[in-house]
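Visitor: Questions regarding the structure given below will be posed in turn.
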Amino acid sequence: MGGSKMPTVSEINVEAGMSSLSIVNTIPTEAPIVSSYNDRIRPLLDTVDRLRNLNVMKEGIQLPTIVVVGDQSSGKSSVLESLAGISLPRGQGICTRVPLVMRLQRSLSPEPEIWLEFNDKRVDTDEEHIAEAISITTEAIAGSGKGVSDTPLTLHVKKNGVPDLTMVDLPGITRVPVNRQPENIYEQISGMIMKYIEPQESIILNVLSATVDFTTCESIRMSRQVDKTGERTLAVVTKADMAPEGLLEKVMADDVSIGLGYVCVRNRIGDETYQEARMQEELLFKTHPLLSMIDHDIVGIPVLAKKLMQIQGTMIARCLPDIVQKIKEKMESRSFDDFHEYHWFCQGVSTKDSCTRRLL
């Protein structure tokens, strides 16, 4: 799967009830990250995000979600920073202690809008202070210790140049408690991860470091428990510049059954701007004697962004008909507090054909 091609928007299979996400052709890798595909995916994503705000998951209705998992120090934060163009909290131990719902939305405004939401509260911030704001709100949710909480924190980023994506970033997996972490920290984190990746509507973005043997990664072990064939798992391989030897063979061999393929990236280094990092990444995969042998269709943050948008759109279009039906059934069986909001949704996407039209 390592050298597999990615589909064009017009070739995505969105038939309801299909058993897997179809990957059949190639998405061009032109810069910048954002393309016209954003305009087509945005209405679908807004629909799902609106349902997420209505807490339909508490009613047992699962929503299509990109769930980001990885072992501690896998480079997960760096990947998300590169996609969003912002800085996230860094430090020793677990930096993500709550489910961080990242809602990225392209904006034509030159000034970014960034804010956090949790427990019906809103905290406005900016690019310079976002990491500090996340740390403060995380403490408000999970306490000042080293433990984790299942209460989500939502980060909204409206910014020129970002891909239209909604992702849930979960704490990095650690087996041994350090720095005053709870003795059962592994059980806490693994329980949270399994809760998010088990639903069939979840897309698993598994972050793997090129410096380790993929078969030893705990995140791989967990994802294979719920997605044995890998049909809803995409792997992003970080730190390609730190361990180029044998990387091509690792992604081509696919010893860990990654059904949606691999994307290899270079992490941002030091004080590089995000634009400088993308230029260095492109140069690395074009000129390095080993990394340049990897298919260009599976390298770089722009490729990762496009592939995530495509997979996300396919999953949403596939799942919406069932979501509509489940909401209708619940509306008929009892009243909702947000009845009018649910009625809006069912009127808006009442058939699978309308879902398809909204995507294509």
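Going through the structure tokens in order, the chains are called A, B, and so on, while each chain numbers its residues from 1 and the ligands are numbered from 1 in the order shown.
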Once you count only C-alpha atoms, what closest atom pair and distance in Å to one decimal does each residue of region 186-227 of chain A within 8 Å of region 148-165 of chain A have, with rows by chain and rising residue number, as JSON lines?
Guide:
{"residue": "A:Gln188", "atom": "CA", "partner": "A:Val148", "partner_atom": "CA", "distance": 7.2}
{"residue": "A:Ile189", "atom": "CA", "partner": "A:Val148", "partner_atom": "CA", "distance": 7.4}
{"residue": "A:Met192", "atom": "CA", "partner": "A:Asp150", "partner_atom": "CA", "distance": 6.7}
Visitor: Put those residues in a file: N, CA, C and O atoms, as a PDB file, in the first residue's frame.
Guide:
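What follows is the written file again-v7.pdb:
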ATOM      1  N   GLN A 188      -5.767   4.557  31.708  1.00  0.00           N
ATOM      2  CA  GLN A 188      -6.598   5.727  31.428  1.00  0.00           C
ATOM      3  C   GLN A 188      -6.540   6.108  29.950  1.00  0.00           C
ATOM      4  O   GLN A 188      -7.564   6.332  29.296  1.00  0.00           O
ATOM      5  N   ILE A 189      -5.307   6.184  29.438  1.00  0.00           N
ATOM      6  CA  ILE A 189      -5.134   6.617  28.050  1.00  0.00           C
ATOM      7  C   ILE A 189      -5.642   5.567  27.074  1.00  0.00           C
ATOM      8  O   ILE A 189      -6.352   5.887  26.104  1.00  0.00           O
ATOM      9  N   MET A 192      -9.396   5.604  26.862  1.00  0.00           N
ATOM     10  CA  MET A 192      -9.887   6.750  26.099  1.00  0.00           C
ATOM     11  C   MET A 192      -9.712   6.517  24.600  1.00  0.00           C
ATOM     12  O   MET A 192     -10.621   6.771  23.801  1.00  0.00           O
TER      13      MET A 192
END
Visitor: With the cut-off set at 7 Å and counting only C-alpha atoms, tabulate each residue of region 150-266 of chain A with an atom at most that distance from an atom of region 59-80 of chain A, showing the nearest atom pair and its distance in Å to one decimal, ordered by chain and increasing number, as CSV.
Guide:
residue,atom,partner,partner_atom,distance
A:Thr166,CA,A:Ile66,CA,6.8
A:Met167,CA,A:Ile66,CA,4.8
A:Val168,CA,A:Val67,CA,4.9
A:Asp169,CA,A:Val68,CA,4.8
A:Leu170,CA,A:Val69,CA,6.0
A:Gly172,CA,A:Gln72,CA,4.4
A:Ile173,CA,A:Asp71,CA,4.4
A:Thr174,CA,A:Gln72,CA,5.8
A:Tyr196,CA,A:Val67,CA,6.9
A:Ile197,CA,A:Val67,CA,6.6
A:Glu201,CA,A:Pro64,CA,4.7
A:Ser202,CA,A:Thr65,CA,4.9
A:Ile203,CA,A:Ile66,CA,4.6
A:Ile204,CA,A:Val67,CA,5.1
A:Leu205,CA,A:Val68,CA,4.8
A:Asn206,CA,A:Val69,CA,5.2
A:Val207,CA,A:Gly70,CA,4.8
A:Leu208,CA,A:Ser74,CA,5.6
A:Ser209,CA,A:Ser74,CA,5.0
A:Cys217,CA,A:Asp71,CA,6.7
A:Glu218,CA,A:Asp71,CA,6.3
A:Ser219,CA,A:Gly70,CA,5.2
A:Thr238,CA,A:Gly75,CA,6.1
Visitor: Would you save the residues of that selection, restricted to C-alpha atoms, as a compact mmCIF listing (two decimals), in the first residue's frame?
Guide:
# COMPACT_ATOMS: atom_id res chain seq x y z
CA THR A 166 -12.02 18.17 12.01
CA MET A 167 -9.74 15.88 14.03
CA VAL A 168 -9.63 14.59 17.60
CA ASP A 169 -6.12 14.51 19.07
CA LEU A 170 -5.77 12.03 21.95
CA GLY A 172 0.20 9.99 23.48
CA ILE A 173 0.45 6.41 24.72
CA THR A 174 2.85 5.79 27.58
CA TYR A 196 -12.74 6.87 20.16
CA ILE A 197 -11.32 4.42 17.60
CA GLU A 201 -17.32 5.66 11.68
CA SER A 202 -13.89 6.61 13.05
CA ILE A 203 -10.93 7.19 10.74
CA ILE A 204 -7.70 6.33 12.57
CA LEU A 205 -4.71 8.56 11.83
CA ASN A 206 -1.84 6.55 13.31
CA VAL A 207 1.33 8.61 13.82
CA LEU A 208 4.49 6.49 13.63
CA SER A 209 8.11 7.55 14.03
CA CYS A 217 4.20 0.51 18.37
CA GLU A 218 1.42 0.38 20.95
CA SER A 219 -0.78 2.58 18.75
CA THR A 238 7.32 11.31 11.01
Visitor: Within 12 Å of Asn184 (chain A), counting only C-alpha atoms, which residues qualify if same-chain residues fewer than 5 places away don't, as a PyMOL selection string?
Guide: chain A and resi 146-148+174-178+189-191
Visitor: Measuring atom to atom with only C-alpha atoms, identify which of A:Asp297, A:Glu329, A:Asp227, A:Glu187 is nearest to Gly259 (chain A).
Guide: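 Of A:Asp297, A:Glu329, A:Asp227, A:Glu187, the one nearest Gly259 (chain A) is A:Asp227, counting only C-alpha atoms.
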Visitor: Report, in Å to a single decimal, how far apart CA of Val324 (chain A) and CA of Ala305 (chain A) are.
Guide: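 Atom-to-atom, CA of Ala305 (chain A) and CA of Val324 (chain A) are spaced 27.8 Å apart.
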Visitor: Quick one: pick out all strand (DSSP E or B) residues within region 126-167 of chain A from a backbone DSSP run and write them as a list in words.
Guide: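 Answer for region 126-167 of chain A restricted to strand (DSSP E or B) is Leu153, Thr154, Leu155, His156, Val157, Lys158, Lys159, Leu165, Thr166 and Met167 of chain A.
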Visitor: Grab the residues selected above and save them as a PDB file, in the first residue's frame with all heavy atoms.
Guide:
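Full text of part-v7.pdb as output:
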ATOM      1  N   LEU A 153     -11.835  19.262  24.781  1.00  0.00           N
ATOM      2  CA  LEU A 153     -11.543  20.682  24.592  1.00  0.00           C
ATOM      3  C   LEU A 153     -11.537  20.921  23.084  1.00  0.00           C
ATOM      4  O   LEU A 153     -10.846  20.215  22.349  1.00  0.00           O
ATOM      5  CB  LEU A 153     -10.177  21.022  25.195  1.00  0.00           C
ATOM      6  CG  LEU A 153      -9.590  22.408  24.892  1.00  0.00           C
ATOM      7  CD1 LEU A 153     -10.477  23.508  25.452  1.00  0.00           C
ATOM      8  CD2 LEU A 153      -8.171  22.521  25.442  1.00  0.00           C
ATOM      9  N   THR A 154     -12.317  21.896  22.635  1.00  0.00           N
ATOM     10  CA  THR A 154     -12.421  22.155  21.200  1.00  0.00           C
ATOM     11  C   THR A 154     -11.610  23.382  20.813  1.00  0.00           C
ATOM     12  O   THR A 154     -11.755  24.449  21.423  1.00  0.00           O
ATOM     13  CB  THR A 154     -13.893  22.362  20.780  1.00  0.00           C
ATOM     14  OG1 THR A 154     -14.643  21.196  21.115  1.00  0.00           O
ATOM     15  CG2 THR A 154     -14.000  22.597  19.277  1.00  0.00           C
ATOM     16  N   LEU A 155     -10.749  23.218  19.828  1.00  0.00           N
ATOM     17  CA  LEU A 155      -9.923  24.306  19.304  1.00  0.00           C
ATOM     18  C   LEU A 155     -10.406  24.664  17.908  1.00  0.00           C
ATOM     19  O   LEU A 155     -10.403  23.824  17.007  1.00  0.00           O
ATOM     20  CB  LEU A 155      -8.455  23.873  19.253  1.00  0.00           C
ATOM     21  CG  LEU A 155      -7.485  24.767  18.463  1.00  0.00           C
ATOM     22  CD1 LEU A 155      -7.403  26.157  19.087  1.00  0.00           C
ATOM     23  CD2 LEU A 155      -6.104  24.127  18.382  1.00  0.00           C
ATOM     24  N   HIS A 156     -10.845  25.906  17.740  1.00  0.00           N
ATOM     25  CA  HIS A 156     -11.288  26.407  16.436  1.00  0.00           C
ATOM     26  C   HIS A 156     -10.157  27.231  15.822  1.00  0.00           C
ATOM     27  O   HIS A 156      -9.633  28.142  16.469  1.00  0.00           O
ATOM     28  CB  HIS A 156     -12.525  27.292  16.580  1.00  0.00           C
ATOM     29  CG  HIS A 156     -13.745  26.575  17.074  1.00  0.00           C
ATOM     30  ND1 HIS A 156     -14.734  26.119  16.228  1.00  0.00           N
ATOM     31  CD2 HIS A 156     -14.131  26.237  18.333  1.00  0.00           C
ATOM     32  CE1 HIS A 156     -15.677  25.527  16.942  1.00  0.00           C
ATOM     33  NE2 HIS A 156     -15.340  25.589  18.220  1.00  0.00           N
ATOM     34  N   VAL A 157      -9.805  26.907  14.586  1.00  0.00           N
ATOM     35  CA  VAL A 157      -8.794  27.675  13.859  1.00  0.00           C
ATOM     36  C   VAL A 157      -9.373  28.061  12.500  1.00  0.00           C
ATOM     37  O   VAL A 157      -9.560  27.210  11.620  1.00  0.00           O
ATOM     38  CB  VAL A 157      -7.490  26.874  13.661  1.00  0.00           C
ATOM     39  CG1 VAL A 157      -6.481  27.693  12.867  1.00  0.00           C
ATOM     40  CG2 VAL A 157      -6.899  26.455  15.001  1.00  0.00           C
ATOM     41  N   LYS A 158      -9.701  29.328  12.327  1.00  0.00           N
ATOM     42  CA  LYS A 158     -10.137  29.861  11.025  1.00  0.00           C
ATOM     43  C   LYS A 158      -8.982  30.692  10.489  1.00  0.00           C
ATOM     44  O   LYS A 158      -8.667  31.754  11.026  1.00  0.00           O
ATOM     45  CB  LYS A 158     -11.403  30.702  11.177  1.00  0.00           C
ATOM     46  CG  LYS A 158     -12.620  29.918  11.628  1.00  0.00           C
ATOM     47  CD  LYS A 158     -13.857  30.788  11.755  1.00  0.00           C
ATOM     48  CE  LYS A 158     -14.332  31.300  10.407  1.00  0.00           C
ATOM     49  NZ  LYS A 158     -15.602  32.059  10.526  1.00  0.00           N
ATOM     50  N   LYS A 159      -8.361  30.170   9.426  1.00  0.00           N
ATOM     51  CA  LYS A 159      -7.106  30.773   8.989  1.00  0.00           C
ATOM     52  C   LYS A 159      -6.907  30.534   7.508  1.00  0.00           C
ATOM     53  O   LYS A 159      -7.266  29.483   6.976  1.00  0.00           O
ATOM     54  CB  LYS A 159      -5.959  30.141   9.787  1.00  0.00           C
ATOM     55  CG  LYS A 159      -4.576  30.710   9.518  1.00  0.00           C
ATOM     56  CD  LYS A 159      -3.542  30.017  10.388  1.00  0.00           C
ATOM     57  CE  LYS A 159      -2.148  30.556  10.103  1.00  0.00           C
ATOM     58  NZ  LYS A 159      -1.114  29.884  10.917  1.00  0.00           N
ATOM     59  N   LEU A 165     -10.670  20.492   7.969  1.00  0.00           N
ATOM     60  CA  LEU A 165     -10.613  19.201   8.650  1.00  0.00           C
ATOM     61  C   LEU A 165     -11.126  19.344  10.070  1.00  0.00           C
ATOM     62  O   LEU A 165     -10.963  20.403  10.695  1.00  0.00           O
ATOM     63  CB  LEU A 165      -9.169  18.674   8.720  1.00  0.00           C
ATOM     64  CG  LEU A 165      -8.488  18.217   7.427  1.00  0.00           C
ATOM     65  CD1 LEU A 165      -7.003  17.983   7.682  1.00  0.00           C
ATOM     66  CD2 LEU A 165      -9.137  16.936   6.910  1.00  0.00           C
ATOM     67  N   THR A 166     -11.735  18.287  10.580  1.00  0.00           N
ATOM     68  CA  THR A 166     -12.015  18.174  12.006  1.00  0.00           C
ATOM     69  C   THR A 166     -11.354  16.901  12.502  1.00  0.00           C
ATOM     70  O   THR A 166     -11.615  15.815  11.972  1.00  0.00           O
ATOM     71  CB  THR A 166     -13.526  18.136  12.294  1.00  0.00           C
ATOM     72  OG1 THR A 166     -14.122  19.374  11.902  1.00  0.00           O
ATOM     73  CG2 THR A 166     -13.774  17.933  13.793  1.00  0.00           C
ATOM     74  N   MET A 167     -10.485  17.024  13.496  1.00  0.00           N
ATOM     75  CA  MET A 167      -9.735  15.884  14.030  1.00  0.00           C
ATOM     76  C   MET A 167      -9.810  15.887  15.553  1.00  0.00           C
ATOM     77  O   MET A 167      -9.951  16.944  16.166  1.00  0.00           O
ATOM     78  CB  MET A 167      -8.263  15.963  13.605  1.00  0.00           C
ATOM     79  CG  MET A 167      -8.042  16.035  12.099  1.00  0.00           C
ATOM     80  SD  MET A 167      -6.297  16.337  11.683  1.00  0.00           S
ATOM     81  CE  MET A 167      -6.117  18.061  12.188  1.00  0.00           C
TER      82      MET A 167
END
Visitor: Pick from A:Leu116, A:Met57, A:Leu260, A:Ser87: nearest to Lys326 (chain A), with only C-alpha atoms counted?
Guide: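 Selected residue with least distance to Lys326 (chain A): A:Met57.
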Visitor: Would you compute the distance between CA of Thr96 (chain A) and CA of Pro171 (chain A)? Give it in Å to one decimal.
Guide: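 Interatomic distance here is 4.7 Å.
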Visitor: Taking the chain letters and numbering used in this document, name the residues of region 155-348 of chain A that DSSP puts in alpha helix (DSSP H), as a compact mmCIF listing (two decimals) with N, CA and C atoms, in the first residue's frame.
Guide:
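Result file selection.txt:
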# COMPACT_ATOMS: atom_id res chain seq x y z
N ILE A 185 -1.87 5.37 34.47
CA ILE A 185 -1.94 6.29 33.33
C ILE A 185 -2.13 5.53 32.02
N TYR A 186 -1.49 4.38 31.88
CA TYR A 186 -1.65 3.60 30.64
C TYR A 186 -3.10 3.16 30.47
N GLU A 187 -3.71 2.67 31.52
CA GLU A 187 -5.10 2.21 31.45
C GLU A 187 -6.03 3.38 31.12
N GLN A 188 -5.77 4.56 31.71
CA GLN A 188 -6.60 5.73 31.43
C GLN A 188 -6.54 6.11 29.95
N ILE A 189 -5.31 6.18 29.44
CA ILE A 189 -5.13 6.62 28.05
C ILE A 189 -5.64 5.57 27.07
N SER A 190 -5.32 4.31 27.31
CA SER A 190 -5.75 3.26 26.38
C SER A 190 -7.26 3.14 26.36
N GLY A 191 -7.91 3.31 27.53
CA GLY A 191 -9.37 3.28 27.56
C GLY A 191 -9.98 4.40 26.75
N MET A 192 -9.40 5.60 26.86
CA MET A 192 -9.89 6.75 26.10
C MET A 192 -9.71 6.52 24.60
N ILE A 193 -8.55 6.02 24.21
CA ILE A 193 -8.27 5.79 22.79
C ILE A 193 -9.22 4.75 22.21
N MET A 194 -9.41 3.64 22.91
CA MET A 194 -10.29 2.59 22.40
C MET A 194 -11.72 3.10 22.25
N LYS A 195 -12.16 3.96 23.15
CA LYS A 195 -13.50 4.53 23.06
C LYS A 195 -13.68 5.31 21.76
N TYR A 196 -12.63 6.02 21.34
CA TYR A 196 -12.74 6.87 20.16
C TYR A 196 -12.50 6.10 18.86
N ILE A 197 -11.65 5.08 18.86
CA ILE A 197 -11.32 4.42 17.60
C ILE A 197 -12.19 3.21 17.31
N GLU A 218 2.66 0.66 20.21
CA GLU A 218 1.42 0.38 20.95
C GLU A 218 0.20 0.90 20.19
N SER A 219 0.35 2.03 19.51
CA SER A 219 -0.78 2.58 18.75
C SER A 219 -1.20 1.64 17.63
N ILE A 220 -0.24 0.94 17.04
CA ILE A 220 -0.56 -0.06 16.02
C ILE A 220 -1.32 -1.23 16.64
N ARG A 221 -0.86 -1.68 17.79
CA ARG A 221 -1.53 -2.80 18.46
C ARG A 221 -2.99 -2.45 18.76
N MET A 222 -3.24 -1.22 19.22
CA MET A 222 -4.59 -0.80 19.56
C MET A 222 -5.47 -0.68 18.32
N SER A 223 -4.94 -0.05 17.28
CA SER A 223 -5.75 0.15 16.08
C SER A 223 -6.09 -1.18 15.41
N ARG A 224 -5.17 -2.14 15.48
CA ARG A 224 -5.44 -3.45 14.87
C ARG A 224 -6.49 -4.24 15.64
N GLN A 225 -6.68 -3.91 16.91
CA GLN A 225 -7.73 -4.57 17.68
C GLN A 225 -9.11 -4.25 17.14
N VAL A 226 -9.29 -3.02 16.65
CA VAL A 226 -10.62 -2.58 16.21
C VAL A 226 -10.72 -2.47 14.69
N LEU A 247 13.42 3.14 5.09
CA LEU A 247 12.05 3.65 5.21
C LEU A 247 11.19 3.23 4.01
N LEU A 248 11.77 3.29 2.83
CA LEU A 248 11.03 2.87 1.64
C LEU A 248 10.57 1.42 1.79
N GLU A 249 11.45 0.57 2.25
CA GLU A 249 11.10 -0.84 2.41
C GLU A 249 10.01 -1.03 3.46
N LYS A 250 10.06 -0.22 4.53
CA LYS A 250 9.07 -0.35 5.61
C LYS A 250 7.66 0.00 5.12
N VAL A 251 7.54 1.07 4.35
CA VAL A 251 6.20 1.45 3.90
C VAL A 251 5.72 0.57 2.76
N MET A 252 6.63 0.04 1.98
CA MET A 252 6.23 -0.85 0.90
C MET A 252 5.84 -2.22 1.44
N ALA A 253 6.55 -2.71 2.46
CA ALA A 253 6.26 -4.03 3.02
C ALA A 253 4.92 -4.04 3.74
N TYR A 274 6.50 27.77 9.24
CA TYR A 274 5.84 26.64 8.60
C TYR A 274 6.10 26.63 7.09
N GLN A 275 6.21 27.80 6.50
CA GLN A 275 6.53 27.88 5.07
C GLN A 275 7.95 27.35 4.81
N GLU A 276 8.89 27.74 5.66
CA GLU A 276 10.27 27.25 5.51
C GLU A 276 10.33 25.74 5.69
N ALA A 277 9.56 25.23 6.66
CA ALA A 277 9.55 23.79 6.91
C ALA A 277 9.03 23.02 5.71
N ARG A 278 7.99 23.55 5.05
CA ARG A 278 7.44 22.86 3.87
C ARG A 278 8.45 22.88 2.72
N MET A 279 9.17 23.99 2.57
CA MET A 279 10.18 24.07 1.52
C MET A 279 11.30 23.07 1.78
N GLN A 280 11.73 22.96 3.04
CA GLN A 280 12.79 22.01 3.39
C GLN A 280 12.30 20.57 3.22
N GLU A 281 11.04 20.34 3.54
CA GLU A 281 10.47 19.00 3.37
C GLU A 281 10.46 18.60 1.89
N GLU A 282 10.01 19.51 1.05
CA GLU A 282 9.97 19.23 -0.38
C GLU A 282 11.38 18.97 -0.92
N LEU A 283 12.33 19.79 -0.49
CA LEU A 283 13.71 19.62 -0.93
C LEU A 283 14.27 18.27 -0.47
N LEU A 284 13.96 17.89 0.77
CA LEU A 284 14.46 16.63 1.33
C LEU A 284 14.01 15.44 0.48
N PHE A 285 12.72 15.36 0.18
CA PHE A 285 12.20 14.20 -0.53
C PHE A 285 12.54 14.22 -2.03
N LYS A 286 13.01 15.36 -2.51
CA LYS A 286 13.43 15.43 -3.91
C LYS A 286 14.91 15.10 -4.09
N THR A 287 15.73 15.42 -3.08
CA THR A 287 17.18 15.36 -3.28
C THR A 287 17.89 14.30 -2.44
N ILE A 301 3.45 17.11 3.96
CA ILE A 301 2.26 17.59 4.66
C ILE A 301 1.13 17.96 3.70
N PRO A 302 1.40 18.64 2.56
CA PRO A 302 0.29 18.92 1.64
C PRO A 302 -0.42 17.66 1.16
N VAL A 303 0.33 16.60 0.88
CA VAL A 303 -0.28 15.34 0.47
C VAL A 303 -1.13 14.77 1.61
N LEU A 304 -0.61 14.83 2.83
CA LEU A 304 -1.37 14.34 3.98
C LEU A 304 -2.68 15.10 4.13
N ALA A 305 -2.63 16.43 3.99
CA ALA A 305 -3.84 17.24 4.13
C ALA A 305 -4.88 16.86 3.09
N LYS A 306 -4.46 16.72 1.85
CA LYS A 306 -5.39 16.37 0.78
C LYS A 306 -5.99 14.99 0.99
N LYS A 307 -5.15 14.05 1.40
CA LYS A 307 -5.63 12.70 1.60
C LYS A 307 -6.62 12.63 2.76
N LEU A 308 -6.34 13.36 3.83
CA LEU A 308 -7.27 13.40 4.96
C LEU A 308 -8.61 14.00 4.56
N MET A 309 -8.59 15.07 3.77
CA MET A 309 -9.84 15.67 3.33
C MET A 309 -10.64 14.71 2.47
N GLN A 310 -9.95 14.00 1.59
CA GLN A 310 -10.63 13.05 0.72
C GLN A 310 -11.26 11.91 1.52
N ILE A 311 -10.50 11.33 2.43
CA ILE A 311 -11.00 10.22 3.24
C ILE A 311 -12.14 10.69 4.13
N GLN A 312 -11.98 11.87 4.73
CA GLN A 312 -13.02 12.43 5.58
C GLN A 312 -14.31 12.63 4.80
N GLY A 313 -14.21 13.19 3.60
CA GLY A 313 -15.40 13.43 2.78
C GLY A 313 -16.10 12.15 2.40
N THR A 314 -15.32 11.13 2.05
CA THR A 314 -15.89 9.84 1.68
C THR A 314 -16.64 9.21 2.85
N MET A 315 -16.03 9.25 4.03
CA MET A 315 -16.66 8.65 5.21
C MET A 315 -17.93 9.40 5.59
N ILE A 316 -17.90 10.72 5.53
CA ILE A 316 -19.10 11.50 5.88
C ILE A 316 -20.24 11.17 4.93
N ALA A 317 -19.95 11.17 3.63
CA ALA A 317 -20.99 10.89 2.65
C ALA A 317 -21.55 9.48 2.82
N ARG A 318 -20.69 8.56 3.21
CA ARG A 318 -21.13 7.18 3.42
C ARG A 318 -22.02 7.05 4.64
N CYS A 319 -21.71 7.80 5.69
CA CYS A 319 -22.40 7.63 6.97
C CYS A 319 -23.67 8.46 7.12
N LEU A 320 -23.78 9.57 6.39
CA LEU A 320 -24.90 10.48 6.62
C LEU A 320 -26.28 9.83 6.46
N PRO A 321 -26.50 8.98 5.46
CA PRO A 321 -27.84 8.37 5.36
C PRO A 321 -28.25 7.61 6.62
N ASP A 322 -27.33 6.85 7.20
CA ASP A 322 -27.63 6.11 8.43
C ASP A 322 -27.86 7.06 9.59
N ILE A 323 -27.08 8.14 9.64
CA ILE A 323 -27.27 9.12 10.72
C ILE A 323 -28.65 9.74 10.62
N VAL A 324 -29.07 10.10 9.41
CA VAL A 324 -30.40 10.67 9.21
C VAL A 324 -31.47 9.71 9.71
N GLN A 325 -31.35 8.44 9.34
CA GLN A 325 -32.35 7.45 9.72
C GLN A 325 -32.41 7.29 11.24
N LYS A 326 -31.25 7.24 11.90
CA LYS A 326 -31.22 7.07 13.35
C LYS A 326 -31.84 8.27 14.06
N ILE A 327 -31.58 9.47 13.54
CA ILE A 327 -32.16 10.67 14.15
C ILE A 327 -33.68 10.67 13.97
N LYS A 328 -34.14 10.28 12.80
CA LYS A 328 -35.59 10.22 12.56
C LYS A 328 -36.25 9.24 13.52
N GLU A 329 -35.61 8.09 13.71
CA GLU A 329 -36.18 7.08 14.61
C GLU A 329 -36.28 7.61 16.03
N LYS A 330 -35.25 8.33 16.48
CA LYS A 330 -35.27 8.87 17.83
C LYS A 330 -36.29 10.01 17.95
N MET A 331 -36.46 10.79 16.88
CA MET A 331 -37.47 11.85 16.90
C MET A 331 -38.87 11.27 17.00
N GLU A 332 -39.08 10.12 16.36
CA GLU A 332 -40.40 9.50 16.39
C GLU A 332 -40.68 8.83 17.73
N SER A 333 -39.62 8.35 18.40
CA SER A 333 -39.82 7.62 19.64
C SER A 333 -39.98 8.54 20.85
N PHE A 339 -35.28 19.72 19.15
CA PHE A 339 -36.09 19.11 18.09
C PHE A 339 -35.96 19.87 16.77
N HIS A 340 -36.05 21.20 16.83
CA HIS A 340 -36.00 21.98 15.59
C HIS A 340 -34.66 21.86 14.90
N GLU A 341 -33.58 21.74 15.68
CA GLU A 341 -32.27 21.57 15.08
C GLU A 341 -32.18 20.22 14.38
N TYR A 342 -32.70 19.16 14.99
CA TYR A 342 -32.68 17.84 14.37
C TYR A 342 -33.57 17.83 13.12
N HIS A 343 -34.69 18.52 13.20
CA HIS A 343 -35.58 18.59 12.04
C HIS A 343 -34.87 19.28 10.87
N TRP A 344 -34.13 20.34 11.19
CA TRP A 344 -33.34 21.00 10.15
C TRP A 344 -32.40 20.02 9.47
N PHE A 345 -31.72 19.22 10.28
CA PHE A 345 -30.75 18.30 9.73
C PHE A 345 -31.41 17.29 8.80
N CYS A 346 -32.49 16.68 9.26
CA CYS A 346 -33.15 15.65 8.45
C CYS A 346 -33.71 16.22 7.16
N GLN A 347 -34.19 17.45 7.20
CA GLN A 347 -34.67 18.08 5.98
C GLN A 347 -33.52 18.36 5.02
N GLY A 348 -32.37 18.70 5.57
CA GLY A 348 -31.23 19.10 4.74
C GLY A 348 -30.56 17.95 4.04
